[in-house]
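J.: Got a structure here, written out as C-alpha cells. Questions coming.
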Amino acid sequence: MTETLTTPPVVERRRRWLPELLRQTQFRRYWSAQTVSLFGDEISVLALPLLAVLGTGAGPAEMGYLTAAALIPNLLFSLLLGAWIDRYPHKRRVMVLADLGRAVLLAAVPVAYLFGVLSLDQLYVVAFLTGTLAVLFEVAHSTLFVSLVPRKDYVDANALTYGSRAMSFVAGPSVGGILVQTLTAPFALLADAVSYLVSALFLARIRLTRPTEPAPTDGAGLGIGQGLRFVVRAPILRSLLLGTTTLNLFNYMFTALYVLYVSTELGLSPGLLGLVIGVGSIGALLGAAVTGRLVRRLGIGRTVVISFVLFPAPLVLVPLAGGSTPVLLGVLFASEFLSGLGLMMMDITVGSLQTAVIPEHLLARVAGAKRTVNYGIRPIGAVLGGTLGAAIGVRPTLWIATVGAVAGLFWVLPTAIPKLRDLPEPDHATTG
C-alpha cells in the first residue's frame with residue numbers, strides 16, 4: 001500500500017518561499033531581533049524630535065543639540081568599547097544587556113511626563129545614554145554577524161537585515177506619527193522600549209557553534225591603536241570611511257533640521273509627516289530587494305559608486321519643495337523614495353565590503369575605530385546644522401547640506417573600489 005504524503009510537501013513548498021538564510025534557526029532569530037528593534041527605532045526617530053519641538057518648544061539650536069547628544073557617544077566611546085569587546089568572550093550577552101538598558105531609558109520618558117517633570121534636559125540625557133548603549137551593541141554586532149553568516153552570503157545576509165530596515169522606514173514613521181497624535185509623543189516611545197525587550201529575547205535564544213564570536217584576542221592591553229592603524233593602512237577601508245564620513249557630516253546637518261523645517265515652515269502635521277516619510281521609504285525597500293541583483297550584474301564596486309550619488313543627491317528636492325499641498329507631498333515623496341533606494345544600496349554594499357576586508361580578530365576594534373570617525377562626525381554635523389540654521393536660516397542650511405553630501409563620492413572614485421567585481425579577501429597585510 002502506498003502512502004500519500006500531504007503535509008510534508010506543503011511545508012516544503014512554504015519553506016521554498018523563504019530565503020535560504022531564513023531557513024536557518026539561529027540566523028532567523030538574529031534577523032528577527034534586528035527587525036523588531038529597527039521598527040521601534042523608527043518610531044523614536046520621529047517621536048523624540050517631535051516631543052522636543054511640540055512638548056518643550058525646542059528651536060533649531062536645541063534640535064541640533066538633541067541630535068548631537070545621541071551621536072556624541074560614538075566619538076567618545078567607540079574606540080574603547082571596540083577594543084574591550086574584542087577581548088570579552090560573551091559578546092552576545094553584552095548586546096542583550098544593551099537592549100534591556102535602552103528599554104528602561106525610553107520607558108522612563110512617559111513616567112517623567114506623567115509626574116510633570118519631563119524637560120529638554122532629560123531628553124538630552126536619554127538621547128546620550130541610549131546612544132552610548134547603541135555604540136556598545138553595534139561594536140559587538142559584527143562579531144555575531146560573522147559567526148552566523150558564511151562569507152559567501154554576506155551580501156544576501158545584509159540585504160535581509162537592511163530589508164528589515166527598509167520595512168521599518170515604510171511602516172515605522174507612519175505608525176509613529178499616528179501614535180504621537182493619538183497617544184502623544186512620550187507614550188509613543190513605549191513602542192520602542194517594547195521592541196528592545198523583544199530583541200533581547202530573540203538574541204538570548206541564539207545558540208552559536210562558535211562559542212566566543214570569535215575568540216577573544218590574547219596579549220597585554222586592549223590594543224586600541226590596532227583598529228585605527230588597520231583603518232589607516234587598508235586602502236579600501238580608508239577610502240570608504242572618508243567617503244561615508246564626508247557624506248554623514250552634511251547629511252546630519254540636514255537630519256537635524258528636517259523635522260523642524262517640514263513641520264513648521266512647510267506646515268505638515270505629525271501624522272502627515274510620518275506618512276510622507278513612510279510611503280517615500282518604499283524606495284529603501286526596493287533598494288534592499290534589488291541590491292543583490294545589481295551586485296551580481298554590475299559588480300560590488302560599481303554598485304558602491306552608484307549608491308554614493310543616489311543616496312544624497314535626491315535630498316536637494318527638500319529645500320526646493322513648495323506650492324500646493326499635492327505638489328509639496330509629491331516632491332517630498334520623490335526625495336524620500338530615491339534617497340531611500342540609494343541608502344539601502346550603500347548600506348548593503350559598503351557594509352559587506354568593509355566586513356570582507358577586516359580580519360575576524362580585529363572586527364570589534366576596527367568597528368570602534370570606524371564609528372569614532374564616521375559616527376563621531378555626525379554630532380558635529382548636527383550641531384553645525386543647528387548653528388547655521390539659527391544664523392542664516394533653515395532653508396539655506398538645507399541647501400548647503402544637500403549639495404555638500406555628494407562630495408563623499410570623490411574619496412571613492414580614484415581608488416580600486418569601482419573596479420571590484422566581487423568581495424575581496426581579508427587584508428592581513430595591514431594588521432601589523
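In the C-alpha cells, chains take letters A, B, ... by order of appearance, with residues numbered from 1 within each chain and ligands from 1 in the order shown.
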For A:Thr245, list every protein, DNA or RNA residue within 7 Å, evaluated using only C-alpha atoms, and leave out those in the same chain fewer than 5 positions away; present the list as an mmCIF file with all heavy atoms, in the first residue's frame.
T.:
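out_21.cif, written as the output of this step:
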```
data_model
loop_
_atom_site.group_PDB
_atom_site.id
_atom_site.type_symbol
_atom_site.label_atom_id
_atom_site.label_comp_id
_atom_site.auth_asym_id
_atom_site.auth_seq_id
_atom_site.Cartn_x
_atom_site.Cartn_y
_atom_site.Cartn_z
ATOM 1 N N VAL A 373 35.158 57.751 13.844
ATOM 2 C CA VAL A 373 35.280 58.732 12.771
ATOM 3 C C VAL A 373 33.931 58.976 12.096
ATOM 4 O O VAL A 373 33.434 60.104 12.029
ATOM 5 C CB VAL A 373 36.325 58.268 11.733
ATOM 6 C CG1 VAL A 373 36.430 59.261 10.592
ATOM 7 C CG2 VAL A 373 37.681 58.063 12.401
ATOM 8 N N ASN A 374 33.326 57.901 11.600
ATOM 9 C CA ASN A 374 32.120 58.014 10.789
ATOM 10 C C ASN A 374 30.916 58.494 11.591
ATOM 11 O O ASN A 374 30.147 59.342 11.150
ATOM 12 C CB ASN A 374 31.820 56.656 10.149
ATOM 13 C CG ASN A 374 30.727 56.726 9.111
ATOM 14 O OD1 ASN A 374 30.342 57.799 8.668
ATOM 15 N ND2 ASN A 374 30.214 55.575 8.723
ATOM 16 N N ILE A 377 31.563 62.122 13.458
ATOM 17 C CA ILE A 377 31.333 63.340 12.677
ATOM 18 C C ILE A 377 29.870 63.749 12.710
ATOM 19 O O ILE A 377 29.529 64.917 12.443
ATOM 20 C CB ILE A 377 31.800 63.135 11.212
ATOM 21 C CG1 ILE A 377 32.084 64.475 10.523
ATOM 22 C CG2 ILE A 377 30.772 62.357 10.410
ATOM 23 C CD1 ILE A 377 33.263 65.202 11.051
#
```
J.: As number ranges by chain, please: every residue in stretch 101-336 of chain A that DSSP puts in alpha helix (DSSP H).
T.: A: 101-114, 120-148, 154-183, 185-204, 224-233, 235-260, 270-280, 282-298, 300-310, 317-320, 325-336
J.: Quick one: which stretch 66-168 of chain A residues come within 7 Å of stretch 356-365 of chain A, and what is the nearest atom pair for each with the distance in Å to one decimal, counting only C-alpha atoms, rows ordered by chain and ascending number, as a tab-separated table?
T.:
```
residue	atom	partner	partner_atom	distance
A:Leu79	CA	A:Arg365	CA	6.7
A:Gly82	CA	A:Arg365	CA	4.4
A:Ala83	CA	A:Arg365	CA	4.8
A:Ile85	CA	A:Ala364	CA	6.2
A:Asp86	CA	A:Ala364	CA	5.3
A:Val139	CA	A:Ala364	CA	5.2
A:Ala140	CA	A:Ala364	CA	6.1
A:Ser142	CA	A:Leu363	CA	6.5
A:Thr143	CA	A:Leu363	CA	6.3
```
J.: Determine the nearest neighbour of A:Thr246 from the options A:Leu76, A:Leu50, A:Leu409, A:Leu260, counting only C-alpha atoms.
T.: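 Residue with the minimum atom-to-atom distance to A:Thr246: A:Leu409.
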J.: Which neighbours of stretch 64-71 of chain A fall inside 9 Å, counting only C-alpha atoms, when residues of the same chain fewer than 4 positions from it are skipped, and could you give them as a compact mmCIF listing (two decimals) with N, CA, C and O atoms, in the first residue's frame?
T.:
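Contents of out.txt, as written:
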```
# COMPACT_ATOMS: atom_id res chain seq x y z
N PRO A 49 12.22 63.83 18.42
CA PRO A 49 12.31 65.24 18.00
C PRO A 49 10.97 65.96 18.03
O PRO A 49 10.92 67.16 18.35
N ALA A 52 10.43 67.06 21.47
CA ALA A 52 11.24 68.23 21.77
C ALA A 52 10.62 69.50 21.18
O ALA A 52 10.58 70.55 21.83
N GLY A 59 14.04 74.95 19.50
CA GLY A 59 14.29 75.63 18.24
C GLY A 59 15.40 74.96 17.47
O GLY A 59 15.84 73.86 17.82
N PRO A 60 15.92 75.61 16.42
CA PRO A 60 16.97 74.99 15.59
C PRO A 60 18.20 74.57 16.39
O PRO A 60 18.71 73.46 16.20
N LEU A 75 31.77 59.24 19.25
CA LEU A 75 33.06 59.91 19.26
C LEU A 75 33.82 59.62 20.54
O LEU A 75 35.04 59.44 20.54
N LEU A 120 13.58 69.28 28.54
CA LEU A 120 14.50 69.10 27.42
C LEU A 120 15.83 68.52 27.90
O LEU A 120 16.45 67.71 27.22
N LEU A 123 15.58 64.84 28.02
CA LEU A 123 15.66 64.26 26.69
C LEU A 123 17.11 64.19 26.21
O LEU A 123 17.51 63.23 25.54
N TYR A 124 17.91 65.21 26.54
CA TYR A 124 19.34 65.16 26.23
C TYR A 124 20.00 63.95 26.89
O TYR A 124 20.79 63.23 26.27
N VAL A 125 19.69 63.73 28.17
CA VAL A 125 20.30 62.64 28.92
C VAL A 125 19.88 61.29 28.35
O VAL A 125 20.71 60.38 28.15
N VAL A 126 18.59 61.13 28.06
CA VAL A 126 18.10 59.88 27.49
C VAL A 126 18.76 59.63 26.13
O VAL A 126 19.20 58.50 25.83
N ALA A 127 18.85 60.66 25.30
CA ALA A 127 19.49 60.51 23.99
C ALA A 127 20.95 60.10 24.14
O ALA A 127 21.44 59.22 23.41
N PHE A 128 21.66 60.71 25.10
CA PHE A 128 23.08 60.40 25.30
C PHE A 128 23.27 58.96 25.78
O PHE A 128 24.12 58.22 25.27
N LEU A 129 22.48 58.53 26.75
CA LEU A 129 22.67 57.19 27.32
C LEU A 129 22.23 56.10 26.35
O LEU A 129 22.89 55.06 26.25
N THR A 130 21.12 56.32 25.66
CA THR A 130 20.73 55.32 24.66
C THR A 130 21.74 55.26 23.52
O THR A 130 22.02 54.20 22.97
N GLY A 131 22.32 56.41 23.18
CA GLY A 131 23.38 56.43 22.17
C GLY A 131 24.60 55.66 22.61
O GLY A 131 25.25 54.97 21.82
N THR A 132 24.95 55.76 23.90
CA THR A 132 26.09 55.02 24.43
C THR A 132 25.85 53.52 24.37
O THR A 132 26.74 52.74 23.97
N TYR A 252 23.92 64.89 8.30
CA TYR A 252 23.39 65.14 9.64
C TYR A 252 23.15 66.63 9.90
O TYR A 252 22.39 66.97 10.80
N MET A 253 23.76 67.50 9.11
CA MET A 253 23.29 68.89 9.09
C MET A 253 21.85 68.92 8.61
O MET A 253 21.00 69.64 9.16
N THR A 255 19.67 66.24 8.64
CA THR A 255 18.81 65.49 9.54
C THR A 255 18.38 66.32 10.75
O THR A 255 17.23 66.23 11.19
N ALA A 256 19.29 67.12 11.29
CA ALA A 256 18.99 67.90 12.48
C ALA A 256 17.87 68.90 12.25
O ALA A 256 17.18 69.29 13.20
N LEU A 257 17.68 69.32 11.01
CA LEU A 257 16.70 70.37 10.72
C LEU A 257 15.48 69.88 9.94
O LEU A 257 14.53 70.65 9.76
N TYR A 375 30.75 57.94 12.79
CA TYR A 375 29.66 58.37 13.64
C TYR A 375 30.04 59.58 14.47
O TYR A 375 29.18 60.37 14.86
N GLY A 376 31.33 59.72 14.76
CA GLY A 376 31.77 60.88 15.53
C GLY A 376 31.55 62.18 14.80
O GLY A 376 31.36 63.23 15.42
N ILE A 377 31.56 62.12 13.46
CA ILE A 377 31.33 63.34 12.68
C ILE A 377 29.87 63.75 12.71
O ILE A 377 29.53 64.92 12.44
N ARG A 378 28.98 62.84 13.04
CA ARG A 378 27.55 63.11 12.96
C ARG A 378 27.09 64.17 13.96
O ARG A 378 26.33 65.08 13.57
N PRO A 379 27.48 64.09 15.25
CA PRO A 379 27.08 65.18 16.14
C PRO A 379 27.66 66.52 15.72
O PRO A 379 27.04 67.57 15.94
N ILE A 380 28.86 66.50 15.13
CA ILE A 380 29.44 67.74 14.63
C ILE A 380 28.56 68.30 13.51
O ILE A 380 28.26 69.50 13.47
N GLY A 381 28.12 67.42 12.62
CA GLY A 381 27.22 67.85 11.56
C GLY A 381 25.90 68.37 12.11
O GLY A 381 25.36 69.37 11.64
N ALA A 382 25.37 67.68 13.13
CA ALA A 382 24.09 68.10 13.71
C ALA A 382 24.19 69.47 14.36
O ALA A 382 23.33 70.34 14.17
N VAL A 383 25.26 69.68 15.16
CA VAL A 383 25.44 70.98 15.80
C VAL A 383 25.69 72.07 14.77
O VAL A 383 25.17 73.19 14.87
N LEU A 384 26.50 71.74 13.76
CA LEU A 384 26.76 72.71 12.69
C LEU A 384 25.47 73.07 11.96
O LEU A 384 25.23 74.24 11.64
N GLY A 385 24.64 72.05 11.70
CA GLY A 385 23.37 72.32 11.04
C GLY A 385 22.47 73.21 11.88
O GLY A 385 21.87 74.16 11.38
N GLY A 386 22.38 72.91 13.19
CA GLY A 386 21.56 73.73 14.07
C GLY A 386 22.08 75.15 14.18
O GLY A 386 21.30 76.12 14.18
N THR A 387 23.40 75.29 14.28
CA THR A 387 24.01 76.62 14.40
C THR A 387 23.79 77.44 13.13
O THR A 387 23.41 78.61 13.19
```
J.: I need the residue nearest A:Val259 from this list: A:Gly340, A:Gly322, A:Gly292, A:Gly177. Use only C-alpha atoms for the distance.
T.: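 Counting only C-alpha atoms, the residue closest to A:Val259 is A:Gly177.
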J.: Using only C-alpha atoms, which protein or nucleic acid residues come within 8 Å of A:Ala107? Drop anything in the same chain fewer than 3 positions from it, and give the result as a PyMOL selection string.
T.: chain A and resi 103-104+110-111+189-190+193
